[in-house]
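Peer 1: Sharing run_27.txt below, compact mmCIF, C-alpha atoms and all ligand atoms:
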# COMPACT_ATOMS: atom_id res chain seq x y z
CA MET A 30 96.12 100.74 107.46
CA MET A 31 96.19 104.25 108.97
CA GLU A 32 99.65 105.90 108.79
CA ARG A 33 101.40 106.87 112.00
CA ARG A 34 101.30 110.61 112.75
CA PRO A 35 103.94 111.42 115.41
CA GLU A 36 103.25 114.02 118.09
CA PRO A 37 105.77 116.19 120.01
CA GLU A 38 107.98 114.06 122.25
CA LEU A 39 107.92 116.12 125.43
CA MET A 40 104.76 117.34 127.14
CA LEU A 41 106.07 120.82 127.89
CA ASP A 42 102.87 122.82 128.07
CA ASP A 43 101.84 123.84 131.61
CA ALA A 44 98.08 123.54 131.01
CA GLN A 45 98.51 120.13 129.38
CA ALA A 46 100.74 118.89 132.23
CA HIS A 47 98.35 120.21 134.85
CA ALA A 48 95.30 118.59 133.22
CA TYR A 49 97.22 115.34 132.81
CA ALA A 50 98.34 115.30 136.45
CA GLU A 51 94.79 116.03 137.67
CA ALA A 52 93.11 113.45 135.42
CA ASP A 53 91.81 110.19 136.81
CA PHE A 54 93.92 107.45 135.22
CA SER A 55 93.14 104.97 138.00
CA GLU A 56 91.64 102.38 135.65
CA PRO A 57 94.45 102.07 133.04
CA HIS A 58 97.21 102.64 135.62
CA GLU A 59 95.91 100.03 138.10
CA HIS A 60 95.54 97.76 135.08
CA PHE A 61 99.22 98.45 134.32
CA VAL A 62 100.30 97.23 137.78
CA ASP A 63 97.91 94.23 137.67
CA LEU A 64 99.24 93.16 134.26
CA PHE A 65 102.84 93.51 135.49
CA ALA A 66 102.03 91.36 138.56
CA GLU A 67 100.43 88.64 136.40
CA ARG A 68 103.45 88.48 134.11
CA PHE A 69 106.10 88.77 136.83
CA PRO A 70 104.66 87.02 139.89
CA GLY A 71 106.46 87.49 143.20
CA PRO A 72 107.94 90.42 145.06
CA VAL A 73 109.80 93.33 143.49
CA ASN A 74 112.82 94.40 145.49
CA GLY A 75 115.38 97.10 144.95
CA LEU A 76 115.44 99.77 142.28
CA VAL A 77 112.85 100.19 139.55
CA LEU A 78 113.29 102.54 136.58
CA ASP A 79 110.15 104.21 135.16
CA LEU A 80 110.90 105.69 131.72
CA GLY A 81 108.83 108.73 130.68
CA CYS A 82 107.27 108.84 134.15
CA GLY A 83 105.34 112.11 133.64
CA PRO A 84 103.78 113.20 136.95
CA GLY A 85 104.51 109.76 138.38
CA ASP A 86 101.04 108.28 138.83
CA VAL A 87 102.25 104.87 137.62
CA SER A 88 105.51 105.18 139.63
CA LEU A 89 103.43 105.84 142.78
CA ARG A 90 100.95 103.05 142.16
CA PHE A 91 103.84 100.65 141.51
CA ALA A 92 105.63 101.74 144.70
CA GLY A 93 102.34 101.37 146.59
CA ARG A 94 101.89 97.79 145.36
CA TYR A 95 105.52 96.75 146.02
CA PRO A 96 106.61 98.03 149.44
CA ALA A 97 110.21 96.79 149.12
CA CYS A 98 111.05 98.78 146.01
CA MET A 99 112.27 102.27 145.25
CA VAL A 100 111.20 103.84 141.93
CA HIS A 101 113.37 106.21 139.87
CA GLY A 102 111.33 108.05 137.25
CA ILE A 103 112.86 109.95 134.34
CA ASP A 104 111.06 112.49 132.19
CA GLY A 105 112.18 115.38 130.00
CA ALA A 106 109.27 117.74 130.76
CA PRO A 107 109.72 120.12 133.72
CA ALA A 108 105.97 120.87 133.96
CA MET A 109 105.18 117.16 134.33
CA LEU A 110 107.89 116.74 136.97
CA ALA A 111 106.65 119.75 138.94
CA ALA A 112 103.17 118.21 139.03
CA GLY A 113 104.81 114.92 140.01
CA ALA A 114 106.68 116.44 142.95
CA ASP A 115 103.33 117.57 144.30
CA LEU A 116 101.70 114.15 143.85
CA CYS A 117 104.68 112.44 145.56
CA ARG A 118 104.38 114.71 148.59
CA ARG A 119 100.73 113.71 149.03
CA HIS A 120 101.11 109.95 148.44
CA PRO A 121 101.93 107.46 151.24
CA ALA A 122 104.55 105.71 149.05
CA GLY A 123 105.91 109.03 147.74
CA PHE A 124 109.07 108.82 149.85
CA ARG A 125 110.11 105.77 147.78
CA VAL A 126 109.65 107.56 144.44
CA ASN A 127 112.24 109.86 142.97
CA LEU A 128 111.42 111.67 139.72
CA SER A 129 114.18 113.42 137.83
CA ARG A 130 114.64 115.35 134.62
CA GLY A 131 116.35 113.66 131.71
CA LEU A 132 115.99 113.47 127.96
CA LEU A 133 115.97 109.92 126.63
CA PRO A 134 117.89 108.20 125.21
CA GLU A 135 120.83 110.32 126.45
CA ALA A 136 119.78 110.37 130.13
CA VAL A 137 120.94 107.33 132.10
CA GLY A 138 118.91 105.96 135.03
CA PRO A 139 120.71 107.20 138.17
CA GLY A 140 120.75 103.70 139.72
CA ALA A 141 121.58 101.68 136.59
CA PRO A 142 121.70 98.73 136.15
CA TYR A 143 118.08 98.11 137.24
CA GLU A 144 116.41 94.76 138.02
CA THR A 145 113.05 96.15 136.90
CA ILE A 146 112.20 98.65 134.14
CA ILE A 147 108.68 99.89 133.51
CA SER A 148 107.25 102.44 131.10
CA ASN A 149 103.72 103.58 130.37
CA SER A 150 102.68 105.66 127.37
CA LEU A 151 106.19 106.81 126.45
CA LEU A 152 106.79 104.70 123.34
CA HIS A 153 104.26 106.50 121.12
CA HIS A 154 105.87 109.87 121.97
CA LEU A 155 109.27 108.85 120.60
CA HIS A 156 109.96 109.88 117.03
CA ASP A 157 112.45 107.03 116.86
CA PRO A 158 111.09 104.13 118.93
CA ARG A 159 114.50 102.42 118.91
CA ALA A 160 115.46 104.90 121.66
CA LEU A 161 113.27 103.11 124.21
CA TRP A 162 114.65 99.64 123.52
CA ALA A 163 118.25 100.93 123.50
CA VAL A 164 117.74 102.49 126.96
CA VAL A 165 116.14 99.31 128.28
CA ILE A 166 119.14 97.26 127.12
CA ARG A 167 121.67 99.81 128.40
CA ASP A 168 120.09 100.45 131.84
CA GLY A 169 118.72 96.98 132.65
CA ALA A 170 120.65 94.32 134.57
CA PRO A 171 120.99 90.83 133.04
CA GLY A 172 117.67 89.04 133.70
CA ALA A 173 115.86 92.32 134.49
CA ALA A 174 112.07 92.33 134.21
CA VAL A 175 110.94 94.80 131.54
CA PHE A 176 107.30 95.84 131.16
CA VAL A 177 106.16 98.48 128.66
CA MET A 178 102.56 99.47 128.05
CA ASP A 179 101.30 101.83 125.38
CA LEU A 180 98.41 102.67 123.15
CA CYS A 181 97.80 100.74 119.90
CA ARG A 182 97.21 102.69 116.72
CA PRO A 183 93.68 101.99 115.40
CA ASP A 184 93.22 101.18 111.72
CA SER A 185 91.13 104.24 110.81
CA PRO A 186 90.36 107.84 111.88
CA ALA A 187 86.77 106.72 112.49
CA ARG A 188 87.97 104.15 115.00
CA VAL A 189 90.09 106.85 116.69
CA ARG A 190 86.98 109.01 117.08
CA THR A 191 85.02 106.10 118.53
CA LEU A 192 87.72 105.37 121.13
CA VAL A 193 87.92 109.05 122.10
CA ALA A 194 84.13 109.14 122.50
CA GLU A 195 84.15 105.93 124.55
CA HIS A 196 87.02 106.75 126.87
CA ALA A 197 87.41 110.51 127.03
CA ALA A 198 83.95 111.99 126.44
CA ASP A 199 83.95 113.73 129.83
CA ALA A 200 87.64 114.68 129.84
CA PRO A 201 88.78 118.31 129.43
CA GLU A 202 89.29 119.37 125.80
CA VAL A 203 93.10 119.43 126.16
CA LEU A 204 93.12 115.77 127.24
CA ARG A 205 90.66 114.67 124.57
CA ARG A 206 92.91 116.21 121.92
CA ASP A 207 95.94 114.60 123.56
CA PHE A 208 94.31 111.19 123.50
CA GLU A 209 93.32 111.58 119.86
CA ASN A 210 96.85 112.68 118.86
CA SER A 211 98.35 109.84 120.88
CA LEU A 212 96.20 107.22 119.15
CA HIS A 213 97.45 108.56 115.79
CA ALA A 214 101.07 108.47 117.05
CA ALA A 215 100.92 104.97 118.54
CA PHE A 216 102.36 101.80 117.01
CA THR A 217 100.56 98.62 116.06
CA PRO A 218 101.45 95.35 117.83
CA GLU A 219 103.16 94.20 114.59
CA GLU A 220 105.33 97.33 114.51
CA VAL A 221 106.36 96.83 118.15
CA ARG A 222 107.20 93.19 117.39
CA ALA A 223 109.47 94.37 114.56
CA GLN A 224 111.12 96.96 116.86
CA LEU A 225 111.87 94.25 119.43
CA ASN A 226 113.31 91.89 116.84
CA GLU A 227 115.51 94.66 115.46
CA ALA A 228 116.74 95.46 118.99
CA GLY A 229 117.60 91.79 119.59
CA LEU A 230 114.81 91.42 122.16
CA ASP A 231 113.34 88.44 120.32
CA GLY A 232 112.30 86.72 123.55
CA PHE A 233 109.95 89.57 124.53
CA ARG A 234 106.23 89.17 123.99
CA VAL A 235 103.72 91.66 122.60
CA GLU A 236 100.07 91.37 123.58
CA GLN A 237 97.04 93.55 122.97
CA VAL A 238 95.42 93.83 126.40
CA SER A 239 92.43 96.13 125.82
CA ASP A 240 90.62 97.92 122.99
CA ARG A 241 93.43 100.53 123.01
CA HIS A 242 96.46 99.16 124.87
CA LEU A 243 99.30 96.79 124.17
CA VAL A 244 102.06 95.48 126.43
CA ALA A 245 105.58 94.42 125.47
CA TRP A 246 107.42 92.51 128.14
CA GLY A 247 110.13 90.03 128.91
CA ARG A 248 113.42 89.47 130.73
CA LEU A 249 116.76 90.78 129.51
C1 LIG B 1 101.73 110.33 127.99
S1 LIG B 1 102.95 110.79 129.14
C2 LIG B 1 103.01 109.36 130.18
C3 LIG B 1 103.43 109.69 131.58
C4 LIG B 1 103.38 108.53 132.57
N1 LIG B 1 104.25 107.44 132.19
C5 LIG B 1 101.98 108.05 132.78
O1 LIG B 1 101.70 106.93 132.42
O2 LIG B 1 101.18 108.81 133.33
C6 LIG B 1 104.48 110.65 128.22
C7 LIG B 1 105.65 111.29 128.92
O3 LIG B 1 106.86 110.96 128.25
C8 LIG B 1 107.71 112.09 128.28
N2 LIG B 1 108.70 111.96 127.20
C9 LIG B 1 108.45 111.88 125.88
N3 LIG B 1 109.59 111.76 125.19
C10 LIG B 1 110.60 111.78 126.08
C11 LIG B 1 112.03 111.70 125.98
N4 LIG B 1 112.64 111.59 124.79
N5 LIG B 1 112.76 111.75 127.12
C12 LIG B 1 112.15 111.87 128.32
N6 LIG B 1 110.80 111.94 128.49
C13 LIG B 1 110.04 111.90 127.38
C14 LIG B 1 106.77 113.27 128.14
O4 LIG B 1 107.33 114.47 128.58
C15 LIG B 1 105.57 112.81 128.98
O5 LIG B 1 105.67 113.25 130.30
Show this structure as structure tokens.
Peer 2:
Amino acid sequence: MMERRPEPELMLDDAQAHAYAEADFSEPHEHFVDLFAERFPGPVNGLVLDLGCGPGDVSLRFAGRYPACMVHGIDGAPAMLAAGADLCRRHPAGFRVNLSRGLLPEAVGPGAPYETIISNSLLHHLHDPRALWAVVIRDGAPGAAVFVMDLCRPDSPARVRTLVAEHAADAPEVLRRDFENSLHAAFTPEEVRAQLNEAGLDGFRVEQVSDRHLVAWGRL
């Protein structure tokens, strides 16, 4: 099995943040909302916490799909949040999305406890993945719906290169490198299962949902 190679937690670089905010993530991010809706059928009301929201593309798509919710996003990278403020201004659901700066796990969701917690592509950034599950438990209400999606670490560098060629061939160099580093930093489904068990979230499920993504989800 290929060893995990962590990458920097925060995406602090302006060029990287700009390229990320401009990139077209419509396919994986719509997939994120579709997979949430399949696993948690019915309306979503009230406050939603989006951990590691970046420029908020997932927060905005989620708010667009669920008109009765308000999304609080937290991220530690000012450049990502600046790009996010711009995206929120231009999006019809932007007035129901509030992105703020906070370093996890210390930062607490401003509306905690939340009935819904979502997170996309944060887990693989964390040097200690226990931080994510600790925040989920701390900031979620009893019975809260929790839905986390991330990349899965492939079993070889050759497989990493194939995935980059398949999914990021036309992306700017900075994003191709990002994607490659992220695949090396990601966890396997078995590792996420072990994290959940250690956190006491035994009732959560882990599923591989595409050639490069997994979801971990359940109710607190
Ligand atoms: C790959 S981006 C994902 C952004 C967004 N969720 C999306 O799907 O587009 C990961 C984000 O997590 C943020 N991040 C990483 N570690 C963090 C931490 N410890 N506290 C807060 N944000 C963090 C990074 O700054 C970055 O914006």
Peer 1: Between atom CA of Tyr95 of chain A and atom CA of Arg222 of chain A, what is the distance in Å, rounded to a tenth?
Peer 2: 28.9 Å
Peer 1: Considering all atoms listed in the file, give me a table of residues in chain A that are at most 6 Å from ligand LIG 1 (chain B), with the closest atom pair and distance in Å for each, as a Markdown table.
Peer 2:
| residue | atom | partner | partner_atom | distance |
| --- | --- | --- | --- | --- |
| A:Glu38 | CA | B:LIG1 | N3 | 4.1 |
| A:Leu39 | CA | B:LIG1 | O4 | 3.6 |
| A:Met40 | CA | B:LIG1 | O4 | 4.1 |
| A:Gly81 | CA | B:LIG1 | O3 | 3.8 |
| A:Cys82 | CA | B:LIG1 | N1 | 3.9 |
| A:Gly83 | CA | B:LIG1 | O5 | 3.5 |
| A:Asp86 | CA | B:LIG1 | O2 | 5.5 |
| A:Val87 | CA | B:LIG1 | O1 | 5.6 |
| A:Asp104 | CA | B:LIG1 | N6 | 3.7 |
| A:Gly105 | CA | B:LIG1 | C12 | 3.9 |
| A:Ala106 | CA | B:LIG1 | O4 | 4.4 |
| A:Met109 | CA | B:LIG1 | O5 | 5.6 |
| A:Gly131 | CA | B:LIG1 | C12 | 5.7 |
| A:Leu132 | CA | B:LIG1 | N5 | 3.8 |
| A:Leu133 | CA | B:LIG1 | N5 | 3.7 |
| A:Ser148 | CA | B:LIG1 | N1 | 5.9 |
| A:Asn149 | CA | B:LIG1 | N1 | 4.3 |
| A:Ser150 | CA | B:LIG1 | C2 | 4.7 |
| A:Leu151 | CA | B:LIG1 | C6 | 4.6 |
| A:His154 | CA | B:LIG1 | C9 | 5.1 |
| A:Leu155 | CA | B:LIG1 | N3 | 5.4 |
Peer 1: Save the residues we just selected, C-alpha atoms, as an mmCIF file, in the coordinates of the input?
Peer 2:
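Result file is result-v5.cif:
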data_model
loop_
_atom_site.group_PDB
_atom_site.id
_atom_site.type_symbol
_atom_site.label_atom_id
_atom_site.label_comp_id
_atom_site.auth_asym_id
_atom_site.auth_seq_id
_atom_site.Cartn_x
_atom_site.Cartn_y
_atom_site.Cartn_z
ATOM 1 C CA GLU A 38 107.980 114.060 122.250
ATOM 2 C CA LEU A 39 107.920 116.120 125.430
ATOM 3 C CA MET A 40 104.760 117.340 127.140
ATOM 4 C CA GLY A 81 108.830 108.730 130.680
ATOM 5 C CA CYS A 82 107.270 108.840 134.150
ATOM 6 C CA GLY A 83 105.340 112.110 133.640
ATOM 7 C CA ASP A 86 101.040 108.280 138.830
ATOM 8 C CA VAL A 87 102.250 104.870 137.620
ATOM 9 C CA ASP A 104 111.060 112.490 132.190
ATOM 10 C CA GLY A 105 112.180 115.380 130.000
ATOM 11 C CA ALA A 106 109.270 117.740 130.760
ATOM 12 C CA MET A 109 105.180 117.160 134.330
ATOM 13 C CA GLY A 131 116.350 113.660 131.710
ATOM 14 C CA LEU A 132 115.990 113.470 127.960
ATOM 15 C CA LEU A 133 115.970 109.920 126.630
ATOM 16 C CA SER A 148 107.250 102.440 131.100
ATOM 17 C CA ASN A 149 103.720 103.580 130.370
ATOM 18 C CA SER A 150 102.680 105.660 127.370
ATOM 19 C CA LEU A 151 106.190 106.810 126.450
ATOM 20 C CA HIS A 154 105.870 109.870 121.970
ATOM 21 C CA LEU A 155 109.270 108.850 120.600
#
Peer 1: Quick one, how far is atom CA of Leu180 of chain A from atom CA of Leu243 of chain A?
Peer 2: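 Computing it gives 6.0 Å between the two atoms.
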Peer 1: When distances are computed from only C-alpha atoms, which of A:Asp199, A:Asp184, A:Asp168, A:Glu227 shows the smallest separation from Leu80 of chain A?
Peer 2: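 Once distances to Leu80 of chain A are computed over only C-alpha atoms, the minimum belongs to A:Asp168.
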Peer 1: Fewer than 3 positions away in the same chain doesn't count, so skip those; otherwise give me all residues within 10 Å of Pro57 of chain A, counting all atoms listed in the file, as a list of chain:residue names.
Peer 2: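 Counting only the stated atoms, we get A:Asp53, A:Phe54, A:His60, A:Phe61, A:Val62, A:Asp63, A:Val87, A:Asn149, A:Met178, A:Ser239, A:His242.
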Peer 1: Within 12 Å of segment 110-128 of chain A, which residues of segment 135-201 of chain A show up? Give each one with its shortest atom-to-atom distance in Å (one decimal) and the two atoms involved, counting only C-alpha atoms, rows by chain then rising residue number, as a tab-separated table.
Peer 2:
residue	atom	partner	partner_atom	distance
A:Gly138	CA	A:Leu128	CA	10.5
A:Pro139	CA	A:Asn127	CA	10.1
A:Gly140	CA	A:Asn127	CA	11.0
Peer 1: Quick one, how far is atom CA of Gly93 of chain A from atom CA of Pro142 of chain A?
Peer 2: 22.2 Å
Peer 1: Calculated over all atoms listed in the file, which of the candidates A:Ile147, A:Val137, A:Ala92, A:Val221 has the smallest distance to Leu64 of chain A?
Peer 2: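 Among A:Ile147, A:Val137, A:Ala92, A:Val221, it is A:Ile147 that comes nearest to Leu64 of chain A.
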Peer 1: Choose the residue, out of A:Phe69, A:Trp246, A:Trp162, A:Phe91, that has the smallest atom-to-atom separation from Val175 of chain A; count all atoms listed in the file.
Peer 2: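 When distances to Val175 of chain A are compared using all atoms listed in the file, the smallest one comes from A:Trp246.
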Peer 1: For Ala215 of chain A, which residue among A:Leu41, A:Cys181, A:Val193, A:Pro96 is the nearest when counting only C-alpha atoms?
Peer 2: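 Closest residue, counting only C-alpha atoms: A:Cys181.
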Peer 1: For segment 76-78 of chain A, find every residue with an atom within 6 Å (counting all atoms listed in the file), except residues of its own chain fewer than 6 positions away, and show them as number ranges by chain.
Peer 2: A: 98-102, 143, 145-146
Peer 1: Skip Ala136 of chain A itself and residues of its chain fewer than 5 positions away, then list as a PDB file with C-alpha atoms, in the frame of the given file all residues within 9 Å of it, counting all atoms listed in the file.
Peer 2:
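Result written to out14.pdb:
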ATOM      1  CA  ILE A 103     112.860 109.950 134.340  1.00  0.00           C
ATOM      2  CA  ARG A 130     114.640 115.350 134.620  1.00  0.00           C
ATOM      3  CA  GLY A 131     116.350 113.660 131.710  1.00  0.00           C
ATOM      4  CA  VAL A 164     117.740 102.490 126.960  1.00  0.00           C
TER       5      VAL A 164
END
Peer 1: Tell me which of A:Arg33, A:Arg182, A:His153, A:Arg167 sits closest to Pro134 of chain A, counting all atoms listed in the file.
Peer 2: A:Arg167
